[in-house]
$ cat entry_16.csv   # CSV, C-alpha atoms and all ligand atoms
chain,number,residue,atom,x,y,z
A,68,SER,CA,7.4,-11.8,-20.3
A,69,GLY,CA,4.7,-13.8,-22.2
A,70,GLY,CA,1.6,-15.5,-21.0
A,71,THR,CA,-2.1,-15.0,-21.4
A,72,ILE,CA,-3.8,-12.7,-19.0
A,73,LEU,CA,-7.3,-13.7,-17.9
A,74,TRP,CA,-9.2,-10.8,-16.5
A,75,SER,CA,-11.9,-10.6,-14.0
A,76,TRP,CA,-13.2,-7.7,-12.0
A,77,HIS,CA,-14.4,-8.7,-8.7
A,78,ILE,CA,-15.9,-7.1,-5.6
A,79,TRP,CA,-15.5,-8.2,-2.1
A,80,VAL,CA,-17.4,-6.2,0.3
A,81,VAL,CA,-16.8,-6.1,4.1
A,82,ASP,CA,-19.5,-4.5,6.3
A,83,MET,CA,-17.9,-1.5,7.8
A,84,ASP,CA,-18.9,-2.3,11.3
A,85,ALA,CA,-18.0,-5.9,11.1
A,86,ASP,CA,-14.7,-7.4,12.3
A,87,ALA,CA,-12.6,-9.6,10.1
A,88,SER,CA,-15.1,-12.5,10.4
A,89,GLY,CA,-18.1,-10.4,9.4
A,90,VAL,CA,-17.6,-10.5,5.7
A,91,VAL,CA,-20.7,-9.9,3.6
A,92,TYR,CA,-21.0,-10.4,-0.1
A,93,PRO,CA,-23.3,-8.4,-2.3
A,94,SER,CA,-26.2,-10.3,-3.9
A,95,GLY,CA,-26.9,-10.4,-7.7
A,96,SER,CA,-24.4,-10.7,-10.4
A,97,MET,CA,-23.2,-7.7,-12.4
A,98,PHE,CA,-21.6,-8.6,-15.7
A,99,MET,CA,-20.2,-6.1,-18.0
A,100,ASP,CA,-19.1,-7.0,-21.4
A,101,ARG,CA,-15.7,-5.6,-22.2
A,102,ASN,CA,-12.9,-7.1,-24.2
A,103,LEU,CA,-10.6,-7.2,-21.3
A,104,GLY,CA,-12.8,-8.5,-18.5
A,105,ALA,CA,-16.0,-8.7,-16.6
A,106,LEU,CA,-17.5,-7.7,-13.3
A,107,SER,CA,-18.5,-10.6,-11.2
A,108,THR,CA,-19.6,-11.3,-7.7
A,109,GLU,CA,-18.0,-14.7,-7.7
A,110,HIS,CA,-15.4,-14.5,-5.1
A,111,THR,CA,-14.0,-18.0,-5.1
A,112,ILE,CA,-11.3,-19.1,-7.5
A,113,THR,CA,-10.8,-22.7,-8.5
A,114,LEU,CA,-7.4,-23.6,-9.7
A,115,SER,CA,-5.2,-26.7,-10.2
A,116,GLU,CA,-3.3,-27.5,-7.0
A,117,ASP,CA,-0.3,-27.1,-9.2
A,118,ALA,CA,-1.0,-23.5,-10.2
A,119,GLY,CA,2.0,-21.2,-10.1
A,120,ILE,CA,0.5,-19.2,-7.3
A,121,TYR,CA,0.2,-22.2,-5.0
A,122,GLN,CA,3.6,-23.8,-5.6
A,123,TYR,CA,5.9,-20.9,-6.3
A,124,CYS,CA,4.1,-17.9,-4.9
A,125,GLN,CA,3.9,-16.1,-8.2
A,126,GLU,CA,1.7,-13.2,-7.2
A,127,ILE,CA,1.8,-9.4,-7.1
A,128,PHE,CA,-0.7,-6.9,-5.9
A,129,GLU,CA,-1.5,-3.2,-5.4
A,130,GLY,CA,-3.4,-1.3,-2.7
A,131,MET,CA,-5.2,2.0,-3.4
A,132,LYS,CA,-8.4,3.8,-2.4
A,133,ALA,CA,-11.4,5.5,-3.8
A,134,TYR,CA,-12.4,8.7,-1.9
A,135,ARG,CA,-15.8,10.5,-1.7
A,136,THR,CA,-15.3,14.3,-1.6
A,137,ALA,CA,-17.3,16.8,0.4
A,138,ASP,CA,-19.3,17.7,-2.7
A,139,ASN,CA,-20.0,14.0,-3.3
A,140,LYS,CA,-17.7,13.2,-6.1
A,141,ILE,CA,-15.8,9.9,-6.1
A,142,GLN,CA,-12.1,10.0,-7.1
A,143,LEU,CA,-8.9,7.9,-7.2
A,144,PHE,CA,-5.5,9.2,-6.1
A,145,ARG,CA,-2.7,8.7,-8.6
A,146,PRO,CA,-3.9,5.3,-9.9
A,147,ASP,CA,-1.3,5.5,-12.8
A,148,CYS,CA,1.4,5.2,-10.1
A,149,ASN,CA,-0.2,1.9,-8.9
A,150,ALA,CA,-0.5,0.7,-12.5
A,151,ASN,CA,3.2,1.4,-13.2
A,152,ARG,CA,4.3,-0.1,-9.9
A,153,MET,CA,2.3,-3.2,-10.6
A,154,ASN,CA,4.2,-3.6,-13.9
A,155,ASP,CA,7.5,-3.2,-12.1
A,156,SER,CA,6.5,-5.9,-9.7
A,157,ALA,CA,5.3,-8.0,-12.7
A,158,ASP,CA,8.8,-7.7,-14.3
A,159,ARG,CA,10.5,-8.9,-11.2
A,160,LEU,CA,8.2,-12.0,-10.9
A,161,CYS,CA,8.1,-12.8,-14.7
A,162,ILE,CA,4.4,-11.9,-14.9
A,163,PRO,CA,3.2,-10.2,-18.1
A,164,ASN,CA,2.6,-6.4,-18.0
A,165,ILE,CA,-0.8,-4.9,-18.0
A,166,ASP,CA,-1.5,-1.8,-20.1
A,167,PRO,CA,-1.7,0.9,-17.4
A,168,ASP,CA,-4.8,2.3,-19.0
A,169,ASP,CA,-6.5,-1.1,-18.8
A,170,PHE,CA,-5.5,-1.3,-15.1
A,171,VAL,CA,-7.1,2.1,-14.4
A,172,GLN,CA,-10.2,1.3,-16.5
A,173,ALA,CA,-10.7,-2.0,-14.5
A,174,VAL,CA,-10.5,-0.1,-11.2
A,175,LYS,CA,-12.8,2.6,-12.4
A,176,ALA,CA,-15.4,0.2,-13.7
A,177,LEU,CA,-15.4,-1.6,-10.3
A,178,VAL,CA,-15.8,1.6,-8.4
A,179,GLU,CA,-18.5,2.9,-10.7
A,180,VAL,CA,-20.6,-0.2,-10.1
A,181,GLU,CA,-19.9,-0.2,-6.4
A,182,LYS,CA,-20.2,3.5,-5.9
A,183,ASP,CA,-22.6,3.1,-3.0
A,184,TRP,CA,-19.9,1.3,-1.0
A,185,VAL,CA,-17.6,4.3,-1.1
A,186,PRO,CA,-18.1,5.6,2.4
A,187,HIS,CA,-19.6,9.0,3.2
A,188,SER,CA,-18.0,9.3,6.6
A,189,ASP,CA,-14.9,11.4,7.3
A,190,GLY,CA,-11.6,9.6,6.8
A,191,ALA,CA,-13.3,6.4,5.4
A,192,SER,CA,-12.8,5.2,1.8
A,193,LEU,CA,-13.2,2.2,-0.5
A,194,TYR,CA,-9.9,0.2,-0.4
A,195,LEU,CA,-9.1,-1.4,-3.8
A,196,ARG,CA,-6.9,-4.5,-4.2
A,197,PRO,CA,-5.8,-5.2,-7.8
A,198,PHE,CA,-3.8,-8.4,-7.9
A,199,MET,CA,-2.4,-10.8,-10.4
A,200,PHE,CA,-1.2,-14.4,-10.1
A,201,GLY,CA,0.0,-17.4,-12.1
A,202,SER,CA,-3.1,-19.6,-12.6
A,203,ASN,CA,-2.1,-22.6,-14.7
A,204,PRO,CA,-0.2,-25.8,-13.6
A,205,VAL,CA,3.6,-25.6,-13.4
A,206,ILE,CA,5.7,-28.2,-11.7
A,207,GLY,CA,9.2,-27.3,-12.8
A,208,VAL,CA,10.3,-24.0,-11.3
A,209,LYS,CA,9.3,-21.7,-14.1
A,210,PRO,CA,6.8,-18.9,-14.7
A,211,ALA,CA,3.2,-19.8,-15.3
A,212,THR,CA,1.8,-19.2,-18.8
A,213,GLU,CA,-1.7,-18.0,-17.7
A,214,TYR,CA,-2.5,-15.3,-15.3
A,215,GLN,CA,-5.5,-13.8,-13.7
A,216,PHE,CA,-5.8,-10.1,-13.0
A,217,ARG,CA,-8.5,-9.3,-10.5
A,218,VAL,CA,-9.6,-6.3,-8.4
A,219,PHE,CA,-11.7,-6.5,-5.3
A,220,ALA,CA,-12.8,-3.8,-3.0
A,221,THR,CA,-13.7,-3.3,0.7
A,222,PRO,CA,-14.8,-0.2,2.6
A,223,VAL,CA,-12.3,0.8,5.3
A,224,GLY,CA,-12.8,3.1,8.2
A,225,PRO,CA,-10.5,5.9,9.3
A,226,TYR,CA,-7.2,4.6,10.5
A,227,PHE,CA,-7.6,6.4,13.8
A,228,LYS,CA,-10.9,5.3,15.4
A,229,GLY,CA,-11.4,7.2,18.6
A,230,GLY,CA,-8.5,9.6,18.3
A,231,ILE,CA,-4.9,9.4,17.2
A,232,LYS,CA,-2.7,7.2,19.2
A,233,PRO,CA,1.0,7.4,18.3
A,234,LEU,CA,2.6,4.1,17.3
A,235,THR,CA,5.2,2.2,19.2
A,236,LEU,CA,7.7,0.4,16.9
A,237,ARG,CA,10.7,-1.8,17.5
A,238,ILE,CA,13.9,-2.2,15.5
A,239,SER,CA,13.5,-5.7,14.1
A,240,ASP,CA,16.1,-8.5,14.5
A,241,LEU,CA,14.7,-10.3,11.4
A,242,ASP,CA,15.2,-9.0,7.9
A,243,ARG,CA,12.6,-8.1,5.3
A,244,ALA,CA,14.6,-7.7,2.1
A,245,ALA,CA,18.0,-8.7,0.7
A,246,PRO,CA,20.0,-6.0,-1.1
A,247,ARG,CA,19.3,-7.4,-4.6
A,248,GLY,CA,16.1,-9.2,-3.6
A,249,THR,CA,12.4,-8.3,-4.0
A,250,GLY,CA,11.9,-5.7,-1.3
A,251,HIS,CA,11.2,-3.0,-3.9
A,252,VAL,CA,8.2,-4.8,-5.4
A,253,LYS,CA,4.7,-5.5,-4.1
A,254,ALA,CA,4.7,-9.3,-4.1
A,255,GLY,CA,2.7,-11.5,-1.7
A,256,LEU,CA,5.9,-13.4,-0.9
A,257,ASN,CA,7.3,-10.3,0.9
A,258,TYR,CA,4.4,-10.3,3.2
A,259,ALA,CA,4.3,-14.1,3.8
A,260,MET,CA,7.7,-13.9,5.4
A,261,SER,CA,6.8,-10.9,7.5
A,262,LEU,CA,3.9,-12.6,9.2
A,263,TYR,CA,5.9,-14.3,11.9
A,264,ASN,CA,7.6,-11.1,12.8
A,265,ILE,CA,4.5,-8.9,13.0
A,266,VAL,CA,2.7,-11.5,15.1
A,267,ASP,CA,5.7,-11.6,17.4
A,268,ALA,CA,5.8,-7.8,17.5
A,269,HIS,CA,2.1,-7.6,18.5
A,270,GLU,CA,2.6,-10.2,21.2
A,271,GLN,CA,5.5,-8.1,22.6
A,272,GLY,CA,3.3,-5.0,22.6
A,273,TYR,CA,4.6,-3.2,19.5
A,274,ASP,CA,2.6,-1.9,16.6
A,275,GLU,CA,5.1,-2.6,13.8
A,276,ASN,CA,8.7,-3.7,13.0
A,277,VAL,CA,11.2,-1.2,11.6
A,278,TYR,CA,13.5,-3.1,9.3
A,279,VAL,CA,17.2,-2.1,8.9
A,280,ASP,CA,19.3,-2.9,5.8
A,281,SER,CA,20.1,-6.6,6.0
A,282,ALA,CA,23.7,-6.2,4.7
A,283,THR,CA,25.1,-3.9,7.4
A,284,ARG,CA,22.2,-3.6,9.8
A,285,THR,CA,23.1,0.1,10.3
A,286,HIS,CA,20.6,1.9,8.2
A,287,ILE,CA,16.8,2.3,8.4
A,288,GLU,CA,14.7,0.8,5.6
A,289,GLU,CA,11.0,0.8,6.3
A,290,THR,CA,8.3,-1.1,8.3
A,291,GLY,CA,6.4,-4.2,7.2
A,292,GLY,CA,3.7,-2.2,5.6
A,293,ALA,CA,4.7,1.4,5.3
A,294,ASN,CA,7.7,3.7,4.5
A,295,ILE,CA,9.0,5.9,7.2
A,296,ILE,CA,9.7,9.7,7.5
A,297,PHE,CA,11.6,11.7,10.1
A,298,ILE,CA,11.4,15.4,10.8
A,299,LYS,CA,13.9,17.8,12.2
A,300,GLY,CA,13.1,21.5,12.2
A,301,ASN,CA,11.9,22.3,8.7
A,302,THR,CA,13.5,19.3,7.1
A,303,LEU,CA,11.9,16.0,6.2
A,304,VAL,CA,14.3,13.0,6.0
A,305,THR,CA,13.3,9.7,4.5
A,306,PRO,CA,15.4,6.6,3.6
A,307,LYS,CA,16.5,6.1,0.1
A,308,SER,CA,17.1,2.4,-0.6
A,309,ASP,CA,16.7,0.0,-3.5
A,310,SER,CA,15.2,-2.6,-1.2
A,311,ILE,CA,12.2,-0.7,0.1
A,312,LEU,CA,8.8,-0.4,-1.6
A,313,PRO,CA,8.5,2.9,-3.5
A,314,SER,CA,5.5,4.2,-1.5
A,315,ILE,CA,3.2,6.4,-3.6
A,316,THR,CA,2.2,8.1,-0.3
A,317,ARG,CA,5.8,8.8,0.6
A,318,ARG,CA,6.5,10.2,-2.9
A,319,SER,CA,3.4,12.4,-2.6
A,320,ILE,CA,4.5,13.6,0.9
A,321,VAL,CA,7.9,14.5,-0.4
A,322,HIS,CA,6.2,16.7,-3.1
A,323,VAL,CA,3.7,18.2,-0.6
A,324,ALA,CA,6.6,19.0,1.9
A,325,LYS,CA,8.6,20.8,-0.8
A,326,GLU,CA,5.9,22.4,-2.9
A,327,TYR,CA,3.1,23.1,-0.5
A,328,LEU,CA,4.9,23.5,2.9
A,329,GLY,CA,8.2,24.9,1.8
A,330,MET,CA,10.1,22.2,3.7
A,331,GLU,CA,13.6,20.9,2.9
A,332,VAL,CA,13.6,17.2,1.9
A,333,GLU,CA,16.5,14.8,2.2
A,334,GLU,CA,16.0,11.4,0.5
A,335,ARG,CA,19.2,9.6,1.7
A,336,ASP,CA,20.7,6.9,3.8
A,337,VAL,CA,19.3,7.2,7.3
A,338,ALA,CA,21.6,5.7,9.9
A,339,LEU,CA,20.1,3.8,12.8
A,340,SER,CA,22.5,5.8,15.0
A,341,GLU,CA,21.0,9.2,14.1
A,342,ILE,CA,17.3,8.5,14.6
A,343,ASP,CA,17.4,9.9,18.1
A,344,GLN,CA,18.2,13.3,16.6
A,345,PHE,CA,14.8,13.7,14.9
A,346,GLU,CA,11.8,15.4,16.5
A,347,GLU,CA,8.9,13.8,14.7
A,348,CYS,CA,8.5,10.4,13.0
A,349,GLY,CA,5.7,9.0,10.9
A,350,LEU,CA,4.7,6.0,8.8
A,351,CYS,CA,3.3,6.6,5.4
A,352,GLY,CA,1.2,4.4,3.1
A,353,THR,CA,-2.2,3.9,1.6
A,354,ALA,CA,-3.5,2.3,4.8
A,355,ALA,CA,-1.4,4.3,7.2
A,356,VAL,CA,-1.9,7.6,5.4
A,357,ILE,CA,0.6,9.3,7.8
A,358,SER,CA,0.6,7.6,11.1
A,359,PRO,CA,2.5,9.4,13.9
A,360,VAL,CA,5.1,7.4,15.7
A,361,GLY,CA,5.5,8.0,19.5
A,362,THR,CA,8.4,5.6,20.3
A,363,ILE,CA,11.0,3.4,18.6
A,364,ASP,CA,12.5,0.7,20.8
A,365,ASP,CA,16.1,-0.1,19.6
A,366,HIS,CA,16.9,-3.1,21.8
A,367,GLY,CA,15.9,-1.3,25.0
A,368,LYS,CA,17.0,2.2,24.0
A,369,LEU,CA,13.7,4.1,23.8
A,370,ILE,CA,13.6,6.9,21.3
A,371,HIS,CA,10.6,9.3,21.7
A,372,TYR,CA,9.0,11.5,19.1
A,373,ALA,CA,6.4,14.2,19.2
A,374,GLY,CA,3.6,11.9,18.0
A,375,PHE,CA,1.2,14.0,16.0
A,376,GLY,CA,3.6,16.9,16.0
A,377,PRO,CA,3.2,20.2,14.1
A,378,LYS,CA,4.9,19.1,10.8
A,379,ILE,CA,3.3,15.6,10.7
A,380,GLN,CA,0.0,17.3,11.3
A,381,LYS,CA,0.5,19.8,8.5
A,382,LEU,CA,1.6,17.1,6.1
A,383,TYR,CA,-1.4,14.9,7.1
A,384,GLU,CA,-3.9,17.7,6.6
A,385,THR,CA,-2.5,18.7,3.3
A,386,LEU,CA,-2.2,15.2,1.8
A,387,THR,CA,-5.7,14.1,3.0
A,388,GLY,CA,-7.0,17.5,1.8
A,389,ILE,CA,-5.7,16.7,-1.7
A,390,GLN,CA,-7.0,13.1,-1.6
A,391,MET,CA,-10.5,14.2,-0.4
A,392,GLY,CA,-10.7,17.2,-2.7
A,393,SER,CA,-10.5,20.1,-0.3
A,394,VAL,CA,-7.0,21.2,-1.2
A,395,PRO,CA,-6.0,21.7,-4.9
A,396,ALA,CA,-4.1,18.8,-6.3
A,397,PRO,CA,-1.0,18.9,-8.4
A,398,GLU,CA,-1.7,18.3,-12.1
A,399,GLY,CA,-2.6,14.6,-12.8
A,400,TRP,CA,-2.9,13.4,-9.3
A,401,ILE,CA,-6.7,13.1,-9.1
A,402,CYS,CA,-8.7,10.7,-11.3
A,403,GLU,CA,-12.4,11.6,-11.0
A,404,ILE,CA,-14.7,8.7,-11.5
A,405,LEU,CA,-18.2,10.0,-10.7
A,501,LIG,N1,5.9,-0.3,2.2
A,501,LIG,C1,5.3,-1.5,2.2
A,501,LIG,C2,6.1,-2.7,2.6
A,501,LIG,C3,3.9,-1.6,1.9
A,501,LIG,O1,3.3,-2.7,2.0
A,501,LIG,C4,3.2,-0.4,1.6
A,501,LIG,C5,1.8,-0.5,1.2
A,501,LIG,O2,1.0,0.3,1.5
A,501,LIG,C6,3.9,0.8,1.6
A,501,LIG,C7,5.3,0.8,1.9
A,501,LIG,C8,3.2,2.1,1.2
A,501,LIG,O3,3.0,2.2,-0.1
A,501,LIG,P1,1.9,3.1,-0.7
A,501,LIG,O4,2.1,4.5,-0.2
A,501,LIG,O5,2.1,3.1,-2.2
A,501,LIG,O6,0.6,2.5,-0.3
$ encode --input "entry_16.csv" --output "structure tokens" --more "lines below"
Ligand code: PLP
Amino acid sequence: SGGTILWSWHIWVVDMDADASGVVYPSGSMFMDRNLGALSTEHTITLSEDAGIYQYCQEIFEGMKAYRTADNKIQLFRPDCNANRMNDSADRLCIPNIDPDDFVQAVKALVEVEKDWVPHSDGASLYLRPFMFGSNPVIGVKPATEYQFRVFATPVGPYFKGGIKPLTLRISDLDRAAPRGTGHVKAGLNYAMSLYNIVDAHEQGYDENVYVDSATRTHIEETGGANIIFIKGNTLVTPKSDSILPSITRRSIVHVAKEYLGMEVEERDVALSEIDQFEECGLCGTAAVISPVGTIDDHGKLIHYAGFGPKIQKLYETLTGIQMGSVPAPEGWICEIL
């Protein structure tokens, strides 16, 4: 689709020890002359109240990380996959495509300037959030004609502070995605409608919601912020569905399972009625990495898994080893920055 893209590269820094309210911004402006954008420390955006993003939620985003290796290099993990997925999301929301090379260049430029914010500590990384939204006024229901592409960054600590605690999930009664809806793209609107359910899940003592397919409610899809994998023996099973986000972590795990660990992999429909037959279960995503699941509550029927079981552990070690540079990566997976 058409439309002018306005670019801006933008850093948002959160002090690693601070909670959500302890946001700190770096001082001093860093501008870099490039045709396609500039680095800026200006984190506020002023738009017409009528902008496409405000009225019709025309926004897409990506989530990725910059890692510091043991020998002090900084690298990205499969940024081309994020660039391509952003364009898939763009197509579904009538947002113009970005040249994938420009996407990666923007992310690299930001990380280069903010290299000191890439954590040195084990398991920590610099989270990167490229996003794009309709920025000019539209009152009829139609795509905007101007867009902003921005990237901000924030250091994140290891997912498991103070030891690994397996997650407790519930089978959700609310739906996340319609069969021919937007569940397969990374658009803010998918997360807006999940907020009620995640707040409710937390209030009821669950870590996350497991969504089933909304047409038949008989098959497992994914959780609100991660794909799901199951293990039985030497086999990894993961749902195949057109309405889940094609997780880059999950796709990488599938490769690692087959090519590094010699496991069988089944990407297929996973029936809700069969999940009590698996031994291990985990969530996978950029934030979750691979998070072991201890229990799934299916309306009072509690299904227990091994938590950080042997296969999940091996997958976790191999994947994080690749991301952090201690395990050789498949060709093209690592993008060295510094
Ligand atoms: N599924 C949903 C709904 C997500 O928001 C995410 C984001 O992390 C994932 C899956 C995992 O995707 P990825 O591994 O590309 O981060």
$ closest_atom_pairs --input "entry_16.csv" --of "chain A" --to "ligand LIG 501 (chain A)" --cutoff "8 Å" --atoms "only C-alpha atoms and all ligand atoms" --output "tab-separated table"
residue	atom	partner	partner_atom	distance
A:Glu129	CA	A:LIG501	C5	7.9
A:Gly130	CA	A:LIG501	O6	6.0
A:Met131	CA	A:LIG501	O6	6.6
A:Asn149	CA	A:LIG501	O5	7.2
A:Gly250	CA	A:LIG501	C2	7.6
A:Lys253	CA	A:LIG501	O1	6.9
A:Asn257	CA	A:LIG501	C2	7.9
A:Tyr258	CA	A:LIG501	O1	7.8
A:Glu289	CA	A:LIG501	N1	6.6
A:Thr290	CA	A:LIG501	C2	6.3
A:Gly291	CA	A:LIG501	C2	4.8
A:Gly292	CA	A:LIG501	O1	3.7
A:Ala293	CA	A:LIG501	C7	3.5
A:Asn294	CA	A:LIG501	C7	4.6
A:Ile311	CA	A:LIG501	N1	6.7
A:Leu312	CA	A:LIG501	N1	4.8
A:Pro313	CA	A:LIG501	O3	6.5
A:Ser314	CA	A:LIG501	O3	3.5
A:Ile315	CA	A:LIG501	O5	3.7
A:Thr316	CA	A:LIG501	O4	3.6
A:Arg317	CA	A:LIG501	O4	5.7
A:Arg318	CA	A:LIG501	O4	7.7
A:Cys351	CA	A:LIG501	O4	6.1
A:Gly352	CA	A:LIG501	O4	3.4
A:Thr353	CA	A:LIG501	O6	3.7
A:Ala354	CA	A:LIG501	O2	5.9
A:Ala355	CA	A:LIG501	O2	7.4
A:Val356	CA	A:LIG501	O4	7.5
$ write_last_selection --input "entry_16.csv" --atoms "C-alpha atoms" --output "PDB file, keeping the file's coordinate frame"
ATOM      1  CA  GLU A 129      -1.500  -3.200  -5.400  1.00  0.00           C
ATOM      2  CA  GLY A 130      -3.400  -1.300  -2.700  1.00  0.00           C
ATOM      3  CA  MET A 131      -5.200   2.000  -3.400  1.00  0.00           C
ATOM      4  CA  ASN A 149      -0.200   1.900  -8.900  1.00  0.00           C
ATOM      5  CA  GLY A 250      11.900  -5.700  -1.300  1.00  0.00           C
ATOM      6  CA  LYS A 253       4.700  -5.500  -4.100  1.00  0.00           C
ATOM      7  CA  ASN A 257       7.300 -10.300   0.900  1.00  0.00           C
ATOM      8  CA  TYR A 258       4.400 -10.300   3.200  1.00  0.00           C
ATOM      9  CA  GLU A 289      11.000   0.800   6.300  1.00  0.00           C
ATOM     10  CA  THR A 290       8.300  -1.100   8.300  1.00  0.00           C
ATOM     11  CA  GLY A 291       6.400  -4.200   7.200  1.00  0.00           C
ATOM     12  CA  GLY A 292       3.700  -2.200   5.600  1.00  0.00           C
ATOM     13  CA  ALA A 293       4.700   1.400   5.300  1.00  0.00           C
ATOM     14  CA  ASN A 294       7.700   3.700   4.500  1.00  0.00           C
ATOM     15  CA  ILE A 311      12.200  -0.700   0.100  1.00  0.00           C
ATOM     16  CA  LEU A 312       8.800  -0.400  -1.600  1.00  0.00           C
ATOM     17  CA  PRO A 313       8.500   2.900  -3.500  1.00  0.00           C
ATOM     18  CA  SER A 314       5.500   4.200  -1.500  1.00  0.00           C
ATOM     19  CA  ILE A 315       3.200   6.400  -3.600  1.00  0.00           C
ATOM     20  CA  THR A 316       2.200   8.100  -0.300  1.00  0.00           C
ATOM     21  CA  ARG A 317       5.800   8.800   0.600  1.00  0.00           C
ATOM     22  CA  ARG A 318       6.500  10.200  -2.900  1.00  0.00           C
ATOM     23  CA  CYS A 351       3.300   6.600   5.400  1.00  0.00           C
ATOM     24  CA  GLY A 352       1.200   4.400   3.100  1.00  0.00           C
ATOM     25  CA  THR A 353      -2.200   3.900   1.600  1.00  0.00           C
ATOM     26  CA  ALA A 354      -3.500   2.300   4.800  1.00  0.00           C
ATOM     27  CA  ALA A 355      -1.400   4.300   7.200  1.00  0.00           C
ATOM     28  CA  VAL A 356      -1.900   7.600   5.400  1.00  0.00           C
TER      29      VAL A 356
END
$ residues_around --input "entry_16.csv" --residues "Ile287 in chain A" --least-positions-apart "4" --cutoff "6 Å" --atoms "only C-alpha atoms" --output "number ranges by chain"
A: 279, 337, 339
$ write_last_selection --input "entry_16.csv" --atoms "C-alpha atoms" --output "short mmCIF file (atom, residue, chain, number, x, y, z; two decimals), keeping the file's coordinate frame"
data_model
loop_
_atom_site.label_atom_id
_atom_site.label_comp_id
_atom_site.auth_asym_id
_atom_site.auth_seq_id
_atom_site.Cartn_x
_atom_site.Cartn_y
_atom_site.Cartn_z
CA VAL A 279 17.20 -2.10 8.90
CA VAL A 337 19.30 7.20 7.30
CA LEU A 339 20.10 3.80 12.80
#
$ residues_around --input "entry_16.csv" --residues "range 112-114 of chain A" --least-positions-apart "3" --cutoff "12 Å" --atoms "all atoms listed in the file" --output "list in words"
Ser75, His77, Ser107, Thr108, Glu109, Asp117, Ala118, Gly119, Ile120, Tyr121, Gln122, Phe200, Gly201, Ser202, Asn203, Pro204, Val205, Glu213, Tyr214, Gln215, Phe216 and Arg217 of chain A
$ residues_around --input "entry_16.csv" --residues "range 269-277 of chain A" --least-positions-apart "3" --cutoff "10 Å" --atoms "only C-alpha atoms" --output "number ranges by chain"
A: 233-243, 261, 264-266, 287-295, 350, 360, 362-365
$ write_last_selection --input "entry_16.csv" --atoms "C-alpha atoms" --output "compact mmCIF listing (two decimals), keeping the file's coordinate frame"
# COMPACT_ATOMS: atom_id res chain seq x y z
CA PRO A 233 1.00 7.40 18.30
CA LEU A 234 2.60 4.10 17.30
CA THR A 235 5.20 2.20 19.20
CA LEU A 236 7.70 0.40 16.90
CA ARG A 237 10.70 -1.80 17.50
CA ILE A 238 13.90 -2.20 15.50
CA SER A 239 13.50 -5.70 14.10
CA ASP A 240 16.10 -8.50 14.50
CA LEU A 241 14.70 -10.30 11.40
CA ASP A 242 15.20 -9.00 7.90
CA ARG A 243 12.60 -8.10 5.30
CA SER A 261 6.80 -10.90 7.50
CA ASN A 264 7.60 -11.10 12.80
CA ILE A 265 4.50 -8.90 13.00
CA VAL A 266 2.70 -11.50 15.10
CA ILE A 287 16.80 2.30 8.40
CA GLU A 288 14.70 0.80 5.60
CA GLU A 289 11.00 0.80 6.30
CA THR A 290 8.30 -1.10 8.30
CA GLY A 291 6.40 -4.20 7.20
CA GLY A 292 3.70 -2.20 5.60
CA ALA A 293 4.70 1.40 5.30
CA ASN A 294 7.70 3.70 4.50
CA ILE A 295 9.00 5.90 7.20
CA LEU A 350 4.70 6.00 8.80
CA VAL A 360 5.10 7.40 15.70
CA THR A 362 8.40 5.60 20.30
CA ILE A 363 11.00 3.40 18.60
CA ASP A 364 12.50 0.70 20.80
CA ASP A 365 16.10 -0.10 19.60
$ atom_distance --input "entry_16.csv" --atom1 "CA of Glu116 in chain A" --atom2 "CA of Ala245 in chain A"
29.4 Å
$ atom_distance --input "entry_16.csv" --atom1 "CA of Leu177 in chain A" --atom2 "CA of Tyr123 in chain A"
29.0 Å
$ atom_distance --input "entry_16.csv" --atom1 "CA of Ser340 in chain A" --atom2 "CA of Ala282 in chain A"
15.9 Å
$ closest_residue --input "entry_16.csv" --among "A:Asp168, A:Asp155, A:Asp189, A:Glu331" --to "Ala137 in chain A" --atoms "all atoms listed in the file"
A:Asp189
$ closest_residue --input "entry_16.csv" --among "A:Ile298, A:Gly255, A:Val218, A:Arg247" --to "Ser281 in chain A" --atoms "all atoms listed in the file"
A:Arg247
$ residues_around --input "entry_16.csv" --residues "His322 in chain A" --least-positions-apart "5" --cutoff "10 Å" --atoms "only C-alpha atoms" --output "list in words"
Thr316, Arg317, Tyr327, Leu328, Gly329, Met330, Val332, Leu386 and Pro397 of chain A
$ closest_residue --input "entry_16.csv" --among "A:Gly392, A:Gly248, A:Gly399, A:Gly349" --to "Gln142 in chain A" --atoms "only C-alpha atoms"
A:Gly392
$ residues_around --input "entry_16.csv" --residues "Lys378 in chain A" --least-positions-apart "4" --cutoff "9 Å" --atoms "only C-alpha atoms" --output "PyMOL selection string"
chain A and resi 298+300-301+303+347+382-383
$ closest_residue --input "entry_16.csv" --among "A:Thr221, A:Thr305, A:Thr212, A:Ser319" --to "Leu193 in chain A" --atoms "only C-alpha atoms"
A:Thr221
